[in-house]
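Trainee: Sharing model_18.pdb here; it has PDB, C-alpha atoms.
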ATOM      1  CA  MET A   1      20.219  -4.092  25.831
ATOM      2  CA  ALA A   2      19.778  -2.892  29.422
ATOM      3  CA  VAL A   3      23.551  -2.545  29.836
ATOM      4  CA  ALA A   4      23.872  -0.618  26.568
ATOM      5  CA  ARG A   5      21.071   1.750  27.553
ATOM      6  CA  ALA A   6      22.606   2.373  30.956
ATOM      7  CA  GLN A   7      26.027   3.116  29.460
ATOM      8  CA  HIS A   8      24.771   5.332  26.622
ATOM      9  CA  PRO A   9      22.137   7.932  27.633
ATOM     10  CA  ASP A  10      21.743   9.102  24.026
ATOM     11  CA  PHE A  11      20.809   5.571  22.995
ATOM     12  CA  ASP A  12      18.497   5.211  25.979
ATOM     13  CA  MET A  13      16.633   8.367  24.912
ATOM     14  CA  THR A  14      15.753   6.676  21.615
ATOM     15  CA  ARG A  15      14.391   3.625  23.442
ATOM     16  CA  SER A  16      12.494   5.260  26.301
ATOM     17  CA  TRP A  17      11.220   8.314  24.350
ATOM     18  CA  GLN A  18      10.652  10.325  27.515
ATOM     19  CA  LEU A  19       9.756  13.551  25.703
ATOM     20  CA  SER A  20       7.809  16.566  26.883
ATOM     21  CA  ASP A  21       4.069  16.423  26.157
ATOM     22  CA  SER A  22       4.140  20.159  25.455
ATOM     23  CA  LEU A  23       6.316  19.572  22.374
ATOM     24  CA  ALA A  24       3.832  17.658  20.253
ATOM     25  CA  PRO A  25       4.653  17.031  16.583
ATOM     26  CA  ALA A  26       2.837  18.911  13.843
ATOM     27  CA  ALA A  27       0.642  17.078  11.335
ATOM     28  CA  SER A  28       2.991  17.558   8.386
ATOM     29  CA  GLU A  29       6.245  17.182  10.336
ATOM     30  CA  SER A  30       8.726  14.407   9.644
ATOM     31  CA  LEU A  31      10.346  12.506  12.479
ATOM     32  CA  HIS A  32      13.711  14.053  11.624
ATOM     33  CA  ALA A  33      12.313  17.609  11.547
ATOM     34  CA  TYR A  34      10.433  17.095  14.820
ATOM     35  CA  LEU A  35      13.381  15.677  16.746
ATOM     36  CA  THR A  36      15.648  18.412  15.403
ATOM     37  CA  ARG A  37      13.119  21.061  16.460
ATOM     38  CA  ILE A  38      12.926  19.782  20.038
ATOM     39  CA  GLY A  39      16.701  19.743  20.404
ATOM     40  CA  PHE A  40      17.918  16.215  19.703
ATOM     41  CA  THR A  41      21.695  16.058  19.445
ATOM     42  CA  ASP A  42      23.508  14.633  16.444
ATOM     43  CA  ALA A  43      24.228  11.498  18.470
ATOM     44  CA  GLN A  44      20.558  11.065  19.353
ATOM     45  CA  LEU A  45      19.497  11.624  15.742
ATOM     46  CA  ASN A  46      22.023   9.033  14.621
ATOM     47  CA  TYR A  47      20.732   6.480  17.118
ATOM     48  CA  THR A  48      17.185   7.220  15.951
ATOM     49  CA  ARG A  49      18.140   6.572  12.332
ATOM     50  CA  ARG A  50      20.046   3.363  13.111
ATOM     51  CA  ALA A  51      17.537   1.821  15.513
ATOM     52  CA  PHE A  52      13.990   3.184  15.655
ATOM     53  CA  ALA A  53      13.688   4.430  12.065
ATOM     54  CA  ASN A  54      15.399   1.398  10.548
ATOM     55  CA  ALA A  55      12.963  -0.860  12.402
ATOM     56  CA  SER A  56      10.078   1.381  11.292
ATOM     57  CA  GLY A  57      10.837   0.815   7.626
ATOM     58  CA  ASP A  58      12.332   4.038   6.284
ATOM     59  CA  SER A  59      14.590   6.973   7.022
ATOM     60  CA  PRO A  60      13.451   9.606   9.593
ATOM     61  CA  GLN A  61      12.877  12.207   6.861
ATOM     62  CA  HIS A  62      10.172   9.963   5.363
ATOM     63  CA  ILE A  63       8.350   8.999   8.577
ATOM     64  CA  SER A  64       5.449  10.945  10.076
ATOM     65  CA  ALA A  65       6.398  12.350  13.487
ATOM     66  CA  ILE A  66       2.812  11.875  14.671
ATOM     67  CA  VAL A  67       2.877   8.201  13.709
ATOM     68  CA  ALA A  68       6.217   7.713  15.438
ATOM     69  CA  SER A  69       4.959   9.357  18.622
ATOM     70  CA  GLU A  70       1.846   7.144  18.590
ATOM     71  CA  GLU A  71       4.076   4.095  18.368
ATOM     72  CA  TRP A  72       6.340   4.964  21.280
ATOM     73  CA  THR A  73       3.478   6.052  23.575
ATOM     74  CA  ASP A  74       1.044   3.196  22.872
ATOM     75  CA  THR A  75       1.357   0.281  25.316
ATOM     76  CA  SER A  76      -1.694  -1.739  24.228
ATOM     77  CA  ALA A  77       0.424  -4.508  22.657
ATOM     78  CA  GLY A  78       2.257  -5.181  25.917
ATOM     79  CA  ASP A  79       5.960  -5.101  26.666
ATOM     80  CA  GLY A  80       8.803  -6.875  24.941
ATOM     81  CA  ASP A  81       9.355  -8.690  21.680
ATOM     82  CA  TYR A  82       8.873 -12.393  21.118
ATOM     83  CA  ARG A  83      10.230 -14.859  18.594
ATOM     84  CA  LEU A  84       8.863 -18.182  17.373
ATOM     85  CA  LEU A  85      11.876 -20.455  17.666
ATOM     86  CA  GLU A  86      10.658 -22.780  14.916
ATOM     87  CA  GLY A  87       9.650 -19.935  12.570
ATOM     88  CA  TYR A  88       6.462 -18.195  11.502
ATOM     89  CA  ILE A  89       5.516 -21.102   9.241
ATOM     90  CA  HIS A  90       4.136 -22.913  12.285
ATOM     91  CA  LEU A  91       1.821 -20.016  13.083
ATOM     92  CA  LEU A  92       0.663 -19.886   9.467
ATOM     93  CA  ASN A  93       0.116 -23.645   9.286
ATOM     94  CA  ASP A  94      -2.070 -23.494  12.367
ATOM     95  CA  LEU A  95      -4.153 -20.610  11.022
ATOM     96  CA  ALA A  96      -4.520 -22.305   7.622
ATOM     97  CA  ARG A  97      -5.533 -25.717   8.920
ATOM     98  CA  GLY A  98      -8.669 -26.956   7.140
ATOM     99  CA  LEU A  99      -8.793 -24.065   4.659
ATOM    100  CA  ASP A 100      -8.601 -24.162   0.869
ATOM    101  CA  ILE A 101      -5.352 -22.254   0.283
ATOM    102  CA  ARG A 102      -4.242 -21.648  -3.324
ATOM    103  CA  LEU A 103      -0.556 -20.911  -3.843
ATOM    104  CA  LYS A 104       1.049 -19.613  -7.040
ATOM    105  CA  THR A 105      -2.272 -18.058  -8.051
ATOM    106  CA  PRO A 106      -1.650 -14.325  -8.593
ATOM    107  CA  ILE A 107      -4.722 -12.266  -9.397
ATOM    108  CA  THR A 108      -5.046  -9.510 -11.972
ATOM    109  CA  THR A 109      -8.601  -8.169 -11.626
ATOM    110  CA  ILE A 110     -11.131  -7.758  -8.823
ATOM    111  CA  ALA A 111     -14.629  -6.932 -10.080
ATOM    112  CA  TRP A 112     -16.995  -5.909  -7.300
ATOM    113  CA  SER A 113     -20.636  -4.817  -7.119
ATOM    114  CA  ASP A 114     -23.797  -5.300  -5.103
ATOM    115  CA  ASP A 115     -23.987  -8.765  -6.643
ATOM    116  CA  GLY A 116     -20.675  -9.865  -5.138
ATOM    117  CA  VAL A 117     -17.046 -10.229  -6.139
ATOM    118  CA  ARG A 118     -15.400 -11.816  -9.179
ATOM    119  CA  VAL A 119     -11.649 -12.388  -9.034
ATOM    120  CA  THR A 120      -9.673 -13.199 -12.188
ATOM    121  CA  CYS A 121      -6.237 -14.818 -11.941
ATOM    122  CA  ALA A 122      -3.244 -14.519 -14.242
ATOM    123  CA  THR A 123      -3.927 -18.108 -15.325
ATOM    124  CA  GLY A 124      -7.447 -17.178 -16.429
ATOM    125  CA  GLU A 125      -9.025 -18.997 -13.497
ATOM    126  CA  VAL A 126     -11.985 -17.158 -11.962
ATOM    127  CA  PHE A 127     -13.265 -17.179  -8.366
ATOM    128  CA  THR A 128     -16.577 -15.678  -7.284
ATOM    129  CA  GLY A 129     -18.097 -14.910  -3.899
ATOM    130  CA  ASP A 130     -20.498 -12.718  -1.994
ATOM    131  CA  SER A 131     -17.587 -10.752  -0.515
ATOM    132  CA  ALA A 132     -13.803 -10.636  -0.370
ATOM    133  CA  ILE A 133     -11.155  -9.604   2.120
ATOM    134  CA  ILE A 134      -8.297  -7.705   0.484
ATOM    135  CA  THR A 135      -4.890  -8.220   2.100
ATOM    136  CA  LEU A 136      -2.648  -7.038  -0.734
ATOM    137  CA  PRO A 137       0.476  -5.218   0.509
ATOM    138  CA  VAL A 138       0.574  -1.463   0.048
ATOM    139  CA  GLY A 139       3.350  -1.834  -2.516
ATOM    140  CA  VAL A 140       1.179  -4.058  -4.707
ATOM    141  CA  LEU A 141      -1.882  -1.830  -4.287
ATOM    142  CA  ARG A 142       0.156   1.210  -5.318
ATOM    143  CA  SER A 143       1.712  -0.563  -8.302
ATOM    144  CA  GLY A 144      -1.581  -1.084 -10.128
ATOM    145  CA  ALA A 145      -0.737  -4.758 -10.712
ATOM    146  CA  VAL A 146      -4.284  -5.588  -9.580
ATOM    147  CA  THR A 147      -7.148  -3.733 -11.259
ATOM    148  CA  PHE A 148     -10.349  -2.977  -9.356
ATOM    149  CA  THR A 149     -13.522  -2.777 -11.448
ATOM    150  CA  PRO A 150     -15.124  -0.351 -10.867
ATOM    151  CA  ALA A 151     -12.320   1.807  -9.499
ATOM    152  CA  LEU A 152     -12.101   2.089  -5.736
ATOM    153  CA  PRO A 153     -13.788   5.071  -4.038
ATOM    154  CA  ASP A 154     -11.715   8.242  -3.988
ATOM    155  CA  SER A 155     -11.216   8.012  -0.220
ATOM    156  CA  LYS A 156      -9.820   4.482  -0.503
ATOM    157  CA  GLN A 157      -7.532   5.326  -3.398
ATOM    158  CA  ALA A 158      -6.340   8.417  -1.534
ATOM    159  CA  ALA A 159      -5.319   6.236   1.425
ATOM    160  CA  ILE A 160      -3.407   3.891  -0.890
ATOM    161  CA  ASP A 161      -1.687   6.821  -2.591
ATOM    162  CA  ALA A 162      -0.778   8.386   0.761
ATOM    163  CA  LEU A 163       0.909   5.325   2.239
ATOM    164  CA  ARG A 164       4.315   4.022   1.271
ATOM    165  CA  MET A 165       5.961   0.599   1.289
ATOM    166  CA  GLY A 166       9.334   0.968   2.939
ATOM    167  CA  PRO A 167      12.364  -0.357   1.043
ATOM    168  CA  GLY A 168      13.920  -3.186   2.969
ATOM    169  CA  MET A 169      16.003  -6.350   2.978
ATOM    170  CA  LYS A 170      17.557  -9.000   5.152
ATOM    171  CA  LEU A 171      21.038 -10.403   4.614
ATOM    172  CA  VAL A 172      21.456 -13.802   6.233
ATOM    173  CA  TYR A 173      24.824 -15.427   6.978
ATOM    174  CA  TRP A 174      25.604 -18.883   8.326
ATOM    175  CA  PHE A 175      28.863 -19.392  10.206
ATOM    176  CA  ALA A 176      30.253 -22.792  11.112
ATOM    177  CA  GLU A 177      31.104 -21.514  14.600
ATOM    178  CA  PRO A 178      29.565 -18.834  16.853
ATOM    179  CA  VAL A 179      30.893 -15.367  16.037
ATOM    180  CA  LEU A 180      29.118 -13.154  18.557
ATOM    181  CA  PRO A 181      30.490 -12.995  22.096
ATOM    182  CA  ALA A 182      28.796 -15.308  24.593
ATOM    183  CA  GLY A 183      25.559 -13.856  25.894
ATOM    184  CA  ILE A 184      25.209 -11.385  23.014
ATOM    185  CA  GLY A 185      22.310 -12.060  20.652
ATOM    186  CA  ALA A 186      22.215  -8.802  18.694
ATOM    187  CA  LEU A 187      24.186  -5.686  17.880
ATOM    188  CA  TYR A 188      23.678  -2.237  16.393
ATOM    189  CA  SER A 189      26.354  -1.292  13.915
ATOM    190  CA  ALA A 190      27.731   2.151  13.142
ATOM    191  CA  GLY A 191      27.894   1.089   9.500
ATOM    192  CA  THR A 192      25.539  -0.381   6.920
ATOM    193  CA  PRO A 193      23.465  -2.370   7.662
ATOM    194  CA  PRO A 194      22.823  -1.033  11.172
ATOM    195  CA  MET A 195      20.909  -3.893  12.812
ATOM    196  CA  TRP A 196      22.125  -7.469  13.356
ATOM    197  CA  TRP A 197      20.786 -10.369  15.381
ATOM    198  CA  SER A 198      21.204 -14.106  15.668
ATOM    199  CA  PRO A 199      18.144 -16.295  14.977
ATOM    200  CA  SER A 200      20.261 -19.132  16.434
ATOM    201  CA  ALA A 201      19.806 -17.721  19.944
ATOM    202  CA  GLY A 202      17.880 -20.140  22.115
ATOM    203  CA  ARG A 203      18.293 -23.008  19.677
ATOM    204  CA  ASP A 204      20.526 -26.059  19.938
ATOM    205  CA  VAL A 205      22.710 -25.642  16.845
ATOM    206  CA  GLN A 206      26.427 -26.069  16.243
ATOM    207  CA  GLY A 207      27.130 -22.923  14.251
ATOM    208  CA  GLN A 208      25.482 -19.519  14.257
ATOM    209  CA  ALA A 209      23.217 -17.635  11.879
ATOM    210  CA  LEU A 210      23.355 -13.849  11.742
ATOM    211  CA  THR A 211      20.677 -11.700  10.127
ATOM    212  CA  ALA A 212      21.272  -8.116   9.077
ATOM    213  CA  PHE A 213      18.242  -5.882   8.578
ATOM    214  CA  ALA A 214      18.245  -2.702   6.512
ATOM    215  CA  THR A 215      15.491  -0.331   5.430
ATOM    216  CA  GLY A 216      15.272   3.213   4.125
ATOM    217  CA  ASP A 217      18.508   4.729   2.862
ATOM    218  CA  TYR A 218      20.478   1.763   4.194
ATOM    219  CA  ALA A 219      18.464  -0.569   1.960
ATOM    220  CA  ARG A 220      18.698   1.780  -1.003
ATOM    221  CA  GLU A 221      22.487   1.875  -0.652
ATOM    222  CA  LEU A 222      22.762  -1.914  -0.493
ATOM    223  CA  ALA A 223      20.257  -2.552  -3.298
ATOM    224  CA  ALA A 224      22.364  -0.447  -5.651
ATOM    225  CA  LEU A 225      25.225  -2.938  -5.163
ATOM    226  CA  GLY A 226      23.282  -6.008  -6.278
ATOM    227  CA  GLU A 227      23.038  -9.247  -4.317
ATOM    228  CA  GLN A 228      26.702 -10.248  -4.207
ATOM    229  CA  GLY A 229      27.876  -6.672  -3.710
ATOM    230  CA  ALA A 230      25.423  -6.135  -0.860
ATOM    231  CA  LEU A 231      26.397  -9.383   0.859
ATOM    232  CA  ALA A 232      30.097  -8.511   0.597
ATOM    233  CA  PHE A 233      29.568  -4.930   1.816
ATOM    234  CA  ALA A 234      27.518  -6.025   4.836
ATOM    235  CA  LEU A 235      30.064  -8.724   5.702
ATOM    236  CA  ARG A 236      32.809  -6.091   5.826
ATOM    237  CA  THR A 237      30.666  -4.098   8.250
ATOM    238  CA  LEU A 238      30.357  -7.151  10.489
ATOM    239  CA  GLN A 239      34.080  -7.857  10.242
ATOM    240  CA  ASP A 240      34.830  -4.279  11.307
ATOM    241  CA  GLU A 241      32.381  -4.417  14.221
ATOM    242  CA  LEU A 242      33.854  -7.666  15.554
ATOM    243  CA  GLY A 243      37.460  -6.853  14.720
ATOM    244  CA  ARG A 244      37.722 -10.026  12.650
ATOM    245  CA  PRO A 245      38.800  -9.160   9.087
ATOM    246  CA  ASP A 246      39.205 -12.855   8.266
ATOM    247  CA  LEU A 247      35.639 -13.803   9.236
ATOM    248  CA  GLN A 248      33.888 -15.685   6.419
ATOM    249  CA  PRO A 249      30.452 -17.328   6.328
ATOM    250  CA  ALA A 250      29.779 -20.846   5.138
ATOM    251  CA  ALA A 251      26.718 -19.559   3.258
ATOM    252  CA  ALA A 252      24.931 -16.258   2.665
ATOM    253  CA  GLN A 253      21.700 -15.038   1.101
ATOM    254  CA  TRP A 254      19.788 -11.803   0.776
ATOM    255  CA  VAL A 255      16.018 -11.418   0.998
ATOM    256  CA  HIS A 256      15.155  -8.324  -1.034
ATOM    257  CA  TRP A 257      11.485  -7.556  -0.425
ATOM    258  CA  THR A 258      11.528  -4.399  -2.522
ATOM    259  CA  ALA A 259      12.269  -6.497  -5.612
ATOM    260  CA  ASP A 260       9.625  -9.116  -4.749
ATOM    261  CA  PRO A 261       6.636  -8.473  -7.077
ATOM    262  CA  TYR A 262       4.250  -9.827  -4.434
ATOM    263  CA  ALA A 263       5.487  -7.410  -1.765
ATOM    264  CA  LEU A 264       7.369  -4.483  -3.372
ATOM    265  CA  GLY A 265       8.698  -3.410   0.000
ATOM    266  CA  VAL A 266       9.180  -4.483   3.577
ATOM    267  CA  TYR A 267       5.975  -3.166   5.215
ATOM    268  CA  SER A 268       3.829  -0.056   5.250
ATOM    269  CA  THR A 269       5.256   3.295   6.293
ATOM    270  CA  VAL A 270       3.428   6.565   6.828
ATOM    271  CA  PRO A 271       4.968   9.763   5.455
ATOM    272  CA  PRO A 272       4.405  13.183   7.039
ATOM    273  CA  GLY A 273       0.828  14.391   6.676
ATOM    274  CA  ALA A 274      -0.681  10.917   6.144
ATOM    275  CA  HIS A 275      -1.212   9.806   9.752
ATOM    276  CA  ASP A 276      -4.899   8.878   9.140
ATOM    277  CA  ALA A 277      -4.208   6.788   6.031
ATOM    278  CA  ARG A 278      -3.910   3.366   7.696
ATOM    279  CA  LEU A 279      -7.342   3.558   9.309
ATOM    280  CA  ALA A 280      -8.790   4.875   6.041
ATOM    281  CA  LEU A 281      -7.307   1.907   4.181
ATOM    282  CA  GLY A 282      -8.955  -0.448   6.664
ATOM    283  CA  THR A 283     -12.430   1.087   6.311
ATOM    284  CA  PRO A 284     -14.880  -1.407   4.709
ATOM    285  CA  THR A 285     -16.178  -0.842   1.188
ATOM    286  CA  PRO A 286     -18.723  -3.688   1.003
ATOM    287  CA  PRO A 287     -18.531  -6.224  -0.474
ATOM    288  CA  LEU A 288     -14.775  -5.587  -0.147
ATOM    289  CA  PHE A 289     -13.186  -5.672   3.291
ATOM    290  CA  TRP A 290      -9.604  -4.789   4.121
ATOM    291  CA  ALA A 291      -6.964  -6.433   6.298
ATOM    292  CA  GLY A 292      -3.199  -6.513   6.717
ATOM    293  CA  GLU A 293      -0.626  -4.666   8.785
ATOM    294  CA  ALA A 294      -1.306  -1.434   6.866
ATOM    295  CA  THR A 295      -4.970  -1.308   7.960
ATOM    296  CA  VAL A 296      -4.591  -1.021  11.740
ATOM    297  CA  LYS A 297      -3.873   1.874  14.069
ATOM    298  CA  ASN A 298      -0.417   3.328  13.610
ATOM    299  CA  ALA A 299       1.026   1.887  16.811
ATOM    300  CA  TRP A 300       0.244  -1.640  15.551
ATOM    301  CA  GLY A 301       1.127  -1.091  11.894
ATOM    302  CA  ALA A 302       4.041  -2.985  10.343
ATOM    303  CA  THR A 303       3.737  -5.787  12.930
ATOM    304  CA  VAL A 304       2.648  -9.422  12.946
ATOM    305  CA  HIS A 305       0.173  -8.832  15.771
ATOM    306  CA  GLY A 306      -1.288  -5.914  13.798
ATOM    307  CA  ALA A 307      -1.777  -8.134  10.753
ATOM    308  CA  LEU A 308      -3.364 -10.862  12.872
ATOM    309  CA  ILE A 309      -5.820  -8.566  14.616
ATOM    310  CA  SER A 310      -6.739  -6.916  11.310
ATOM    311  CA  GLY A 311      -7.740 -10.279   9.903
ATOM    312  CA  GLN A 312      -9.968 -10.971  12.889
ATOM    313  CA  ARG A 313     -11.560  -7.533  12.522
ATOM    314  CA  ALA A 314     -12.135  -7.927   8.780
ATOM    315  CA  ALA A 315     -13.612 -11.406   9.293
ATOM    316  CA  ALA A 316     -16.095 -10.020  11.820
ATOM    317  CA  GLU A 317     -17.028  -7.175   9.458
ATOM    318  CA  THR A 318     -17.559  -9.643   6.625
ATOM    319  CA  LEU A 319     -19.753 -11.929   8.708
ATOM    320  CA  GLN A 320     -21.908  -9.008   9.821
ATOM    321  CA  PHE A 321     -22.284  -7.898   6.208
ATOM    322  CA  LEU A 322     -23.266 -11.386   5.014
ATOM    323  CA  GLN A 323     -25.746 -11.770   7.865
ATOM    324  CA  ARG A 324     -27.416  -8.467   6.937
ATOM    325  CA  GLN A 325     -27.530  -9.530   3.284
ATOM    326  CA  SER A 326     -29.162 -12.805   4.313
ATOM    327  CA  VAL A 327     -31.829 -11.003   6.345
ATOM    328  CA  ILE A 328     -32.549  -8.620   3.458
ATOM    329  CA  ALA A 329     -32.844 -11.516   1.014
TER     330      ALA A 329
END
Can you give me the file's structure in the form of structure tokens?
Mentor:
Amino acid sequence: MAVARAQHPDFDMTRSWQLSDSLAPAASESLHAYLTRIGFTDAQLNYTRRAFANASGDSPQHISAIVASEEWTDTSAGDGDYRLLEGYIHLLNDLARGLDIRLKTPITTIAWSDDGVRVTCATGEVFTGDSAIITLPVGVLRSGAVTFTPALPDSKQAAIDALRMGPGMKLVYWFAEPVLPAGIGALYSAGTPPMWWSPSAGRDVQGQALTAFATGDYARELAALGEQGALAFALRTLQDELGRPDLQPAAAQWVHWTADPYALGVYSTVPPGAHDARLALGTPTPPLFWAGEATVKNAWGATVHGALISGQRAAAETLQFLQRQSVIA
């Protein structure tokens, strides 16, 4: 990455984001409109679309410029990206240890009042409690698949309506032999999909896995082709990038979050004019409390660390609420 940034100043601009403070984005301005206004070149706009915007979950025209600027100026999460070599399942298993976790138990109704919360499942099973923490993805909240009784406050529903769930997918290929040049773990493509990396990096395996990631218009284009069409189209992009028209994987699979009824998208995105929506979604409505990547400050939205910290915050809010209820009783 450092070599690529040094060789391509236009690309480096979209990684460093050294922009003038006097050219702040307007509240209703999209990322594309803002960068065009301040003089980004076509090359810089293209890099933004392929790298930053694709990682942010949608195309630049659909992303709030204010939210984008908060992300590239906030340093509170530290530097660098990190990967769990054995997969996120190990993190989840550790967090879930000792808890009563119910899988394959989709809910249909959440009834809430001063007396507590009553959750009804698609199977007819009912759970009750003094409070509940809601972690439903924005896509599911917006779909109406879960009914709140009574309806949520106008301010909460407005936050849900304002946010979006970015369209997104991964296309995963397994090759019997390494296909990326030695020392290269990722690449940005000029085609679709634009982002590729190898989850095999750092692991002692014989072959090599490559993951392509596409959101926004890239994902919409691929989704229209169906699973086999998308896998074939993306493979041709990889073949072109590597100059290997004969390259074939031993196995391939797509992960289409937009079609997943329990996600309906990749992660939350914030359109122009909705830069306060994430914090509004996270605001407690006792006895309901709210967590998930879409309920944190914009710079931490759409991230694993954002989701983790939101759960800790919501747990603390819930405990405080239950303690107050106990004192009152």
Trainee: Can you work out the spacing between atom CA of A:Tyr47 and atom CA of A:Pro193 in Å, to one decimal?
Mentor: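 Value for the atom CA of A:Tyr47-atom CA of A:Pro193 distance: 13.2 Å.
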Trainee: Could you tell me which of A:Thr14, A:Thr303, A:Asn54, A:Gln323 comes closest to A:Asp217 if we count only C-alpha atoms?
Mentor: A:Asn54
Trainee: Write out as a count of residues only the residues lying within 10 Å of A:Arg15, counting only C-alpha atoms and excluding same-chain residues fewer than 2 positions away.
Mentor: 14
Trainee: In terms of the shortest atom-to-atom distance over all atoms listed in the file, which of A:Glu29, A:Asp276, A:Asp240, A:Asp161 is closest to A:Gly144?
Mentor: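 Residue with the minimum atom-to-atom distance to A:Gly144: A:Asp161.
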Trainee: Quick check on the file I pasted: which residues fall under the PyMOL selection byres ((chain A and resi 250-265) around 7)? Write them as a PyMOL selection string.
Mentor: chain A and resi 137+139-140+165-176+227+248-249+266-267
Trainee: Using all atoms listed in the file, I'd like a table of the residues in stretch 18-104 of chain A that come within 10 Å of stretch 292-297 of chain A; for each, show the closest atom pair and its distance in Å rounded to one decimal, ordered by chain and ascending number, as a Markdown table.
Mentor:
| residue | atom | partner | partner_atom | distance |
| --- | --- | --- | --- | --- |
| A:Val67 | CA | A:Lys297 | CA | 9.3 |
| A:Glu70 | CA | A:Lys297 | CA | 9.0 |
| A:Glu71 | CA | A:Lys297 | CA | 9.3 |
Trainee: Could the residues in this selection be written to a file with C-alpha atoms, as a PDB file, in the frame of the given file?
Mentor:
ATOM      1  CA  VAL A  67       2.877   8.201  13.709  1.00  0.00           C
ATOM      2  CA  GLU A  70       1.846   7.144  18.590  1.00  0.00           C
ATOM      3  CA  GLU A  71       4.076   4.095  18.368  1.00  0.00           C
TER       4      GLU A  71
END
Trainee: List the spatial neighbours of A:Ala280 as a PyMOL selection string - criterion: any atom at most 8 Å away, all atoms listed in the file, same-chain residues fewer than 6 positions off excluded.
Mentor: chain A and resi 155-156+159+295
Trainee: Out of A:Ala302, A:Ala96, A:Ala224, A:Leu242, which residue has the shortest atom-to-atom distance to A:Ser56 when counting all atoms listed in the file?
Mentor: A:Ala302
Trainee: Grab the atom CA of A:Arg164 to atom CA of A:Val270 distance for me, in Å with one decimal place.
Mentor: 6.2 Å
Trainee: Exactly which residues make up the result of the PyMOL selection byres ((chain A and resi 306-311) around 12) on this file, given as a count of residues only?
Mentor: 43
